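J.: Structure: structure.cif, mmCIF, C-alpha atoms.
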data_work
#
loop_
_atom_site.label_atom_id
_atom_site.label_comp_id
_atom_site.auth_asym_id
_atom_site.auth_seq_id
_atom_site.Cartn_x
_atom_site.Cartn_y
_atom_site.Cartn_z
CA MET A 1 71.24 116.72 104.25
CA ALA A 2 69.72 113.54 102.86
CA GLY A 3 71.92 110.70 101.69
CA PRO A 4 73.08 110.41 98.08
CA ASP A 5 70.72 109.43 95.31
CA MET A 6 71.80 105.84 94.71
CA SER A 7 70.10 105.76 91.31
CA GLU A 8 72.55 108.40 90.11
CA ARG A 9 75.89 106.72 90.62
CA ILE A 10 78.72 108.21 88.58
CA PHE A 11 81.79 106.15 87.74
CA LEU A 12 85.16 107.90 87.62
CA SER A 13 88.24 106.47 85.92
CA ALA A 14 91.22 108.78 86.16
CA SER A 15 94.95 108.93 86.70
CA ILE A 16 97.93 111.12 86.02
CA PRO A 17 100.26 109.34 83.56
CA ASP A 18 103.57 108.17 84.94
CA PRO A 19 106.48 109.32 82.75
CA ARG A 20 108.32 106.06 83.54
CA ARG A 21 105.62 104.03 81.83
CA ASP A 22 103.97 103.93 78.40
CA PRO A 23 105.18 107.05 76.52
CA ARG A 24 102.08 107.25 74.28
CA PHE A 25 100.11 108.67 77.21
CA ILE A 26 102.69 111.24 78.31
CA GLY A 27 102.90 113.40 75.19
CA THR A 28 99.29 114.62 75.31
CA ALA A 29 98.69 114.49 79.07
CA ASP A 30 97.62 117.82 80.55
CA VAL A 31 98.20 117.39 84.28
CA THR A 32 96.52 120.69 85.17
CA ALA A 33 93.45 119.76 83.13
CA ILE A 34 93.35 116.28 84.74
CA ARG A 35 93.36 117.81 88.21
CA ASP A 36 90.82 120.48 87.27
CA ALA A 37 88.48 117.91 85.72
CA VAL A 38 88.63 115.60 88.75
CA ARG A 39 87.97 118.51 91.11
CA ALA A 40 85.07 119.72 88.96
CA LEU A 41 83.49 116.28 88.75
CA ALA A 42 83.71 115.82 92.51
CA THR A 43 82.23 119.30 93.01
CA VAL A 44 79.25 118.47 90.80
CA VAL A 45 78.62 114.90 91.96
CA LEU A 46 79.40 114.77 95.68
CA PRO A 47 76.82 117.07 97.22
CA GLU A 48 73.84 114.88 96.28
CA HIS A 49 75.05 111.80 94.43
CA LEU A 50 77.50 108.91 94.64
CA LEU A 51 80.97 108.81 93.09
CA VAL A 52 82.47 105.36 92.50
CA TRP A 53 86.07 104.65 91.51
CA GLY A 54 89.09 102.44 92.05
CA GLY A 55 91.34 104.55 94.24
CA HIS A 56 94.39 106.01 92.54
CA PRO A 57 97.10 107.66 94.68
CA ALA A 58 97.03 110.88 92.63
CA ILE A 59 93.22 111.13 92.52
CA THR A 60 92.04 110.03 95.98
CA PRO A 61 93.49 113.05 97.85
CA MET A 62 91.81 115.48 95.42
CA VAL A 63 88.39 113.91 95.90
CA ARG A 64 88.84 113.95 99.66
CA LEU A 65 89.80 117.64 99.68
CA ILE A 66 86.79 118.59 97.54
CA ALA A 67 84.46 116.62 99.81
CA ASP A 68 85.93 118.39 102.85
CA SER A 69 85.58 121.81 101.22
CA LEU A 70 81.94 121.11 100.39
CA GLY A 71 81.19 119.85 103.88
CA VAL A 72 80.21 116.48 102.44
CA ARG A 73 80.72 113.29 104.43
CA VAL A 74 82.86 111.20 102.11
CA GLN A 75 81.55 108.12 103.88
CA ASP A 76 78.11 108.82 102.43
CA HIS A 77 79.02 109.95 98.91
CA VAL A 78 82.04 107.92 97.82
CA TRP A 79 82.52 104.23 97.18
CA LEU A 80 86.14 103.34 96.72
CA TYR A 81 87.26 100.00 95.26
CA GLN A 82 90.67 98.47 95.83
CA SER A 83 92.33 95.13 95.19
CA GLU A 84 93.87 93.08 97.98
CA PHE A 85 96.84 92.80 95.61
CA PHE A 86 97.69 96.42 96.59
CA ARG A 87 96.68 96.27 100.28
CA ASN A 88 100.24 96.92 101.50
CA VAL A 89 100.72 100.01 99.30
CA ALA A 90 97.25 101.58 99.60
CA PRO A 91 97.41 105.39 99.95
CA GLN A 92 96.99 106.83 103.45
CA ASP A 93 94.11 108.95 102.11
CA ASN A 94 92.06 105.77 101.79
CA LYS A 95 91.54 105.87 105.55
CA ALA A 96 89.20 108.85 105.10
CA PHE A 97 86.76 106.69 103.15
CA ALA A 98 84.56 104.42 105.25
CA HIS A 99 83.14 102.63 102.23
CA ILE A 100 86.04 100.72 100.69
CA GLU A 101 85.33 97.48 98.87
CA TRP A 102 88.34 95.16 98.84
CA ALA A 103 88.29 92.74 95.93
CA PRO A 104 90.24 89.53 96.47
CA GLU A 105 93.70 89.00 95.06
CA ILE A 106 93.61 86.40 92.29
CA ASP A 107 96.51 83.92 92.12
CA GLY A 108 99.03 86.62 93.10
CA ASP A 109 98.49 88.06 89.61
CA ARG A 110 98.26 91.84 89.25
CA GLU A 111 96.16 91.86 86.05
CA LYS A 112 93.74 89.16 87.19
CA SER A 113 93.32 90.93 90.53
CA LEU A 114 92.59 94.26 88.83
CA GLU A 115 90.09 92.60 86.48
CA GLU A 116 88.24 91.13 89.47
CA MET A 117 88.17 94.51 91.21
CA ARG A 118 86.90 96.26 88.09
CA ARG A 119 84.12 93.73 87.52
CA ARG A 120 82.91 94.20 91.09
CA MET A 121 83.24 97.97 90.86
CA LEU A 122 81.20 98.19 87.66
CA GLY A 123 78.33 96.00 88.80
CA GLY A 124 74.92 97.53 89.44
CA ARG A 125 73.55 100.53 87.59
CA PHE A 126 75.40 103.73 86.70
CA LYS A 127 74.07 106.98 85.30
CA ALA A 128 77.36 107.66 83.46
CA GLY A 129 81.08 107.03 83.37
CA VAL A 130 83.70 109.79 83.18
CA PHE A 131 87.22 109.03 81.94
CA ILE A 132 89.96 111.56 82.68
CA GLY A 133 93.62 111.48 81.61
CA GLY A 134 95.06 108.11 82.46
CA MET A 135 96.98 105.23 81.00
CA GLU A 136 96.17 101.62 80.15
CA GLY A 137 93.97 101.23 83.26
CA VAL A 138 91.62 103.94 81.98
CA LEU A 139 91.47 102.21 78.60
CA GLN A 140 90.62 98.89 80.26
CA GLU A 141 87.98 100.44 82.53
CA PHE A 142 86.40 102.20 79.56
CA GLU A 143 86.07 98.92 77.64
CA LEU A 144 84.60 97.15 80.64
CA PHE A 145 82.24 100.02 81.44
CA GLU A 146 80.85 99.98 77.90
CA LYS A 147 80.40 96.21 78.09
CA LEU A 148 78.76 96.10 81.53
CA GLN A 149 76.87 99.41 81.34
CA PRO A 150 75.50 99.55 77.77
CA GLU A 151 72.72 101.99 78.74
CA ALA A 152 75.01 104.51 80.45
CA PRO A 153 76.98 107.11 78.47
CA ALA A 154 80.77 107.01 78.73
CA TYR A 155 82.53 110.37 78.45
CA PRO A 156 86.28 110.41 77.65
CA ILE A 157 87.38 113.93 78.58
CA ALA A 158 89.76 114.42 75.65
CA SER A 159 90.92 117.87 76.79
CA THR A 160 92.78 116.13 79.64
CA GLY A 161 94.87 114.21 77.11
CA ALA A 162 96.48 110.80 77.64
CA ALA A 163 94.15 107.75 77.53
CA ALA A 164 91.01 109.92 77.51
CA ARG A 165 92.17 111.65 74.33
CA PHE A 166 93.04 108.31 72.76
CA LEU A 167 89.52 107.02 73.53
CA TYR A 168 87.87 110.14 72.13
CA GLU A 169 89.93 110.09 68.93
CA ARG A 170 88.98 106.48 68.15
CA ASP A 171 85.44 107.67 67.35
CA PRO A 172 85.09 111.48 67.64
CA GLU A 173 81.68 111.53 65.94
CA LYS A 174 80.28 109.51 68.84
CA TYR A 175 80.91 112.22 71.46
CA PRO A 176 79.96 115.85 72.07
CA ARG A 177 82.63 118.30 70.90
CA VAL A 178 82.85 119.87 74.37
CA LEU A 179 84.87 116.85 75.51
CA VAL A 180 87.82 118.01 73.46
CA ASP A 181 87.66 121.80 73.63
CA GLU A 182 85.89 122.76 76.89
CA TYR A 183 87.88 123.55 80.03
CA ALA A 184 85.03 125.01 82.11
CA TYR A 185 84.57 121.60 83.61
CA VAL A 186 82.00 122.38 86.32
CA SER A 187 79.44 123.73 83.87
CA MET A 188 80.31 121.02 81.35
CA PHE A 189 79.70 118.21 83.87
CA ARG A 190 76.45 119.78 85.03
CA LYS A 191 75.15 119.74 81.47
CA LEU A 192 76.53 116.34 80.49
CA LEU A 193 75.43 114.47 83.58
CA ASP A 194 72.09 116.24 84.07
CA LEU A 195 72.04 115.40 87.76
CA SER A 196 68.75 116.27 89.45
#
Would you put the structure from the file into structure tokens?
T.:
Amino acid sequence: MAGPDMSERIFLSASIPDPRRDPRFIGTADVTAIRDAVRALATVVLPEHLLVWGGHPAITPMVRLIADSLGVRVQDHVWLYQSEFFRNVAPQDNKAFAHIEWAPEIDGDREKSLEEMRRRMLGGRFKAGVFIGGMEGVLQEFELFEKLQPEAPAYPIASTGAAARFLYERDPEKYPRVLVDEYAYVSMFRKLLDLS
């Protein structure tokens, strides 16, 4: 199998909301839909293209399992970004990914360090960004994606709830209706992303 098509990089921003944190994301979060959407996106993107994201402990294992089930070398199809701020608590699943970019820690500050990681992660050209579930990090990555990638569509998958629903509801006329009422995620992503 040939390597991934580097001109068709897909950005993923996703997390499962933590009930101990901001309650506005918990009430609408659909954990099953979040997991299904992540699995579907990985299924559609990984065989031929490149998936880029900042590793999240709840998301990284799912992507790895899908890659394994598809017989895809994660080293060739996934770029994972992490901040040195979190080096000591990085998930064990990260070890499966050969391509990990470590952004430097900035002044021992969590937010500054995450901002640096996100700016590095969102450099270059992307075909699209997909935003699933999540909390404030998904909101921040959405804003930065739209700023740094003005030519690439950003899709908040509102059916997964949480931050993605919040993003969709800010301007529902801007997005296709399938983002809020479609749960057949594999076919939805194939149509939305139009990956050759």
J.: For the structure provided, state which residues fall under the PyMOL selection byres ((chain A and resi 104) around 7), and present them as an NGL selection string.
T.: :A and (83-84 or 102-103 or 105-106 or 113)
J.: Name the residues within 12 Å of (78.7, 105.6, 77.7), counting all atoms listed in the file in the file's coordinates, and put them as a ChimeraX atom specification.
T.: /A:10-11,126-131,141-156,167-168,174-176,192-193
J.: Next, write the just-selected residues to a file, as an mmCIF file, keeping the file's coordinate frame, keeping C-alpha atoms as the atom set.
T.:
data_model
loop_
_atom_site.group_PDB
_atom_site.id
_atom_site.type_symbol
_atom_site.label_atom_id
_atom_site.label_comp_id
_atom_site.auth_asym_id
_atom_site.auth_seq_id
_atom_site.Cartn_x
_atom_site.Cartn_y
_atom_site.Cartn_z
ATOM 1 C CA ILE A 10 78.720 108.210 88.580
ATOM 2 C CA PHE A 11 81.790 106.150 87.740
ATOM 3 C CA PHE A 126 75.400 103.730 86.700
ATOM 4 C CA LYS A 127 74.070 106.980 85.300
ATOM 5 C CA ALA A 128 77.360 107.660 83.460
ATOM 6 C CA GLY A 129 81.080 107.030 83.370
ATOM 7 C CA VAL A 130 83.700 109.790 83.180
ATOM 8 C CA PHE A 131 87.220 109.030 81.940
ATOM 9 C CA GLU A 141 87.980 100.440 82.530
ATOM 10 C CA PHE A 142 86.400 102.200 79.560
ATOM 11 C CA GLU A 143 86.070 98.920 77.640
ATOM 12 C CA LEU A 144 84.600 97.150 80.640
ATOM 13 C CA PHE A 145 82.240 100.020 81.440
ATOM 14 C CA GLU A 146 80.850 99.980 77.900
ATOM 15 C CA LYS A 147 80.400 96.210 78.090
ATOM 16 C CA LEU A 148 78.760 96.100 81.530
ATOM 17 C CA GLN A 149 76.870 99.410 81.340
ATOM 18 C CA PRO A 150 75.500 99.550 77.770
ATOM 19 C CA GLU A 151 72.720 101.990 78.740
ATOM 20 C CA ALA A 152 75.010 104.510 80.450
ATOM 21 C CA PRO A 153 76.980 107.110 78.470
ATOM 22 C CA ALA A 154 80.770 107.010 78.730
ATOM 23 C CA TYR A 155 82.530 110.370 78.450
ATOM 24 C CA PRO A 156 86.280 110.410 77.650
ATOM 25 C CA LEU A 167 89.520 107.020 73.530
ATOM 26 C CA TYR A 168 87.870 110.140 72.130
ATOM 27 C CA LYS A 174 80.280 109.510 68.840
ATOM 28 C CA TYR A 175 80.910 112.220 71.460
ATOM 29 C CA PRO A 176 79.960 115.850 72.070
ATOM 30 C CA LEU A 192 76.530 116.340 80.490
ATOM 31 C CA LEU A 193 75.430 114.470 83.580
#
J.: Out of A:Gly54, A:Gly161, A:Pro47, A:Gly134, which residue has the shortest atom-to-atom distance to A:Glu115 when counting only C-alpha atoms?
T.: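 Among the listed residues, A:Gly54 lies closest to A:Glu115.
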J.: Could you tell me which residues the PyMOL selection byres ((chain A and resi 179) around 10) returns for this structure, as a list in words?
T.: Tyr155, Pro156, Ile157, Ala158, Ser159, Thr160, Ala164, Arg165, Tyr168, Pro172, Tyr175, Pro176, Arg177, Val178, Val180, Asp181, Glu182, Tyr183, Tyr185, Met188, Phe189 and Leu192 of chain A
J.: If you keep C-alpha atoms, can you produce a file of those selected residues as an mmCIF file, in the frame of the given file?
T.:
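Listed below is the output, part.cif:
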data_model
loop_
_atom_site.group_PDB
_atom_site.id
_atom_site.type_symbol
_atom_site.label_atom_id
_atom_site.label_comp_id
_atom_site.auth_asym_id
_atom_site.auth_seq_id
_atom_site.Cartn_x
_atom_site.Cartn_y
_atom_site.Cartn_z
ATOM 1 C CA TYR A 155 82.530 110.370 78.450
ATOM 2 C CA PRO A 156 86.280 110.410 77.650
ATOM 3 C CA ILE A 157 87.380 113.930 78.580
ATOM 4 C CA ALA A 158 89.760 114.420 75.650
ATOM 5 C CA SER A 159 90.920 117.870 76.790
ATOM 6 C CA THR A 160 92.780 116.130 79.640
ATOM 7 C CA ALA A 164 91.010 109.920 77.510
ATOM 8 C CA ARG A 165 92.170 111.650 74.330
ATOM 9 C CA TYR A 168 87.870 110.140 72.130
ATOM 10 C CA PRO A 172 85.090 111.480 67.640
ATOM 11 C CA TYR A 175 80.910 112.220 71.460
ATOM 12 C CA PRO A 176 79.960 115.850 72.070
ATOM 13 C CA ARG A 177 82.630 118.300 70.900
ATOM 14 C CA VAL A 178 82.850 119.870 74.370
ATOM 15 C CA VAL A 180 87.820 118.010 73.460
ATOM 16 C CA ASP A 181 87.660 121.800 73.630
ATOM 17 C CA GLU A 182 85.890 122.760 76.890
ATOM 18 C CA TYR A 183 87.880 123.550 80.030
ATOM 19 C CA TYR A 185 84.570 121.600 83.610
ATOM 20 C CA MET A 188 80.310 121.020 81.350
ATOM 21 C CA PHE A 189 79.700 118.210 83.870
ATOM 22 C CA LEU A 192 76.530 116.340 80.490
#
J.: Counting only C-alpha atoms, figure out which residue out of A:Trp79, A:Glu169, A:Glu48, A:Arg119 gets nearest to A:Thr60.
T.: A:Trp79
J.: Neighbours of A:Arg190 within 12 Å (all atoms listed in the file; same-chain residues fewer than 6 positions away dropped), as a list in words?
T.: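 With the cut-off at 12 Å, the set is Ala40, Leu41, Ala42, Thr43, Val44, Val45, Ala184 and Ser196 of chain A.
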J.: Write a file of the selected residues as an mmCIF file, in the coordinates of the input, keeping C-alpha atoms.
T.:
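out_25.cif, written as the output of this step:
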data_model
loop_
_atom_site.group_PDB
_atom_site.id
_atom_site.type_symbol
_atom_site.label_atom_id
_atom_site.label_comp_id
_atom_site.auth_asym_id
_atom_site.auth_seq_id
_atom_site.Cartn_x
_atom_site.Cartn_y
_atom_site.Cartn_z
ATOM 1 C CA ALA A 40 85.070 119.720 88.960
ATOM 2 C CA LEU A 41 83.490 116.280 88.750
ATOM 3 C CA ALA A 42 83.710 115.820 92.510
ATOM 4 C CA THR A 43 82.230 119.300 93.010
ATOM 5 C CA VAL A 44 79.250 118.470 90.800
ATOM 6 C CA VAL A 45 78.620 114.900 91.960
ATOM 7 C CA ALA A 184 85.030 125.010 82.110
ATOM 8 C CA SER A 196 68.750 116.270 89.450
#
J.: In Å, rounded to a single decimal, give me how far atom CA of A:Leu51 is from atom CA of A:Val78.
T.: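 Distance between the two atoms: 4.9 Å.
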J.: In terms of the shortest atom-to-atom distance over all atoms listed in the file, which of A:Glu101, A:Glu136, A:Glu116, A:Asp107 is closest to A:Ile16?
T.: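 Checking each candidate against A:Ile16, we get A:Glu136 as the closest.
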J.: How far is it from atom CA of A:Arg64 to atom CA of A:Asp30, in Å with one decimal?
T.: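 It comes out at 21.4 Å.
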J.: So which residues get picked by the PyMOL selection byres ((chain A and resi 13) around 6) here, written as an mmCIF file with C-alpha atoms, in the frame of the given file?
T.:
data_model
loop_
_atom_site.group_PDB
_atom_site.id
_atom_site.type_symbol
_atom_site.label_atom_id
_atom_site.label_comp_id
_atom_site.auth_asym_id
_atom_site.auth_seq_id
_atom_site.Cartn_x
_atom_site.Cartn_y
_atom_site.Cartn_z
ATOM 1 C CA LEU A 12 85.160 107.900 87.620
ATOM 2 C CA ALA A 14 91.220 108.780 86.160
ATOM 3 C CA PHE A 131 87.220 109.030 81.940
ATOM 4 C CA VAL A 138 91.620 103.940 81.980
#
J.: Rank A:Gln82, A:Ser187, A:Pro57, A:Val52 by their smallest atom-to-atom distance to A:Gly124, using only C-alpha atoms, and report the top residue only.
T.: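 So, comparing all the options, the nearest one is A:Val52.
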J.: Restricting the calculation to all atoms listed in the file, which member of A:Leu70, A:Leu139, A:Arg35, A:Trp53 is positioned closest to A:Ile100?
T.: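 Closest to A:Ile100, using all atoms listed in the file: A:Trp53.
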J.: For the point (88.5, 117.4, 98.2) in the file's frame, write as a list in words all residues with an atom no more than 10 Å away, counting all atoms listed in the file.
T.: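 Final list of nearby residues, as requested, is Val38, Arg39, Ala42, Thr43, Leu46, Ile59, Thr60, Pro61, Met62, Val63, Arg64, Leu65, Ile66, Ala67, Asp68, Ser69, Leu70, Gly71, Val72 and Val74 of chain A.
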J.: For a quick check of understanding, using only C-alpha atoms, which of A:Leu122, A:Ala37, A:Leu195, A:Ala162 has the smallest distance to A:His49?
T.: A:Leu195
J.: For a test of reading the model, state the distance in Å between atom CA of A:Leu50 and atom CA of A:Asp36, rounded to one decimal.
T.: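 One can read the atom CA of A:Leu50 to atom CA of A:Asp36 distance as 19.1 Å.
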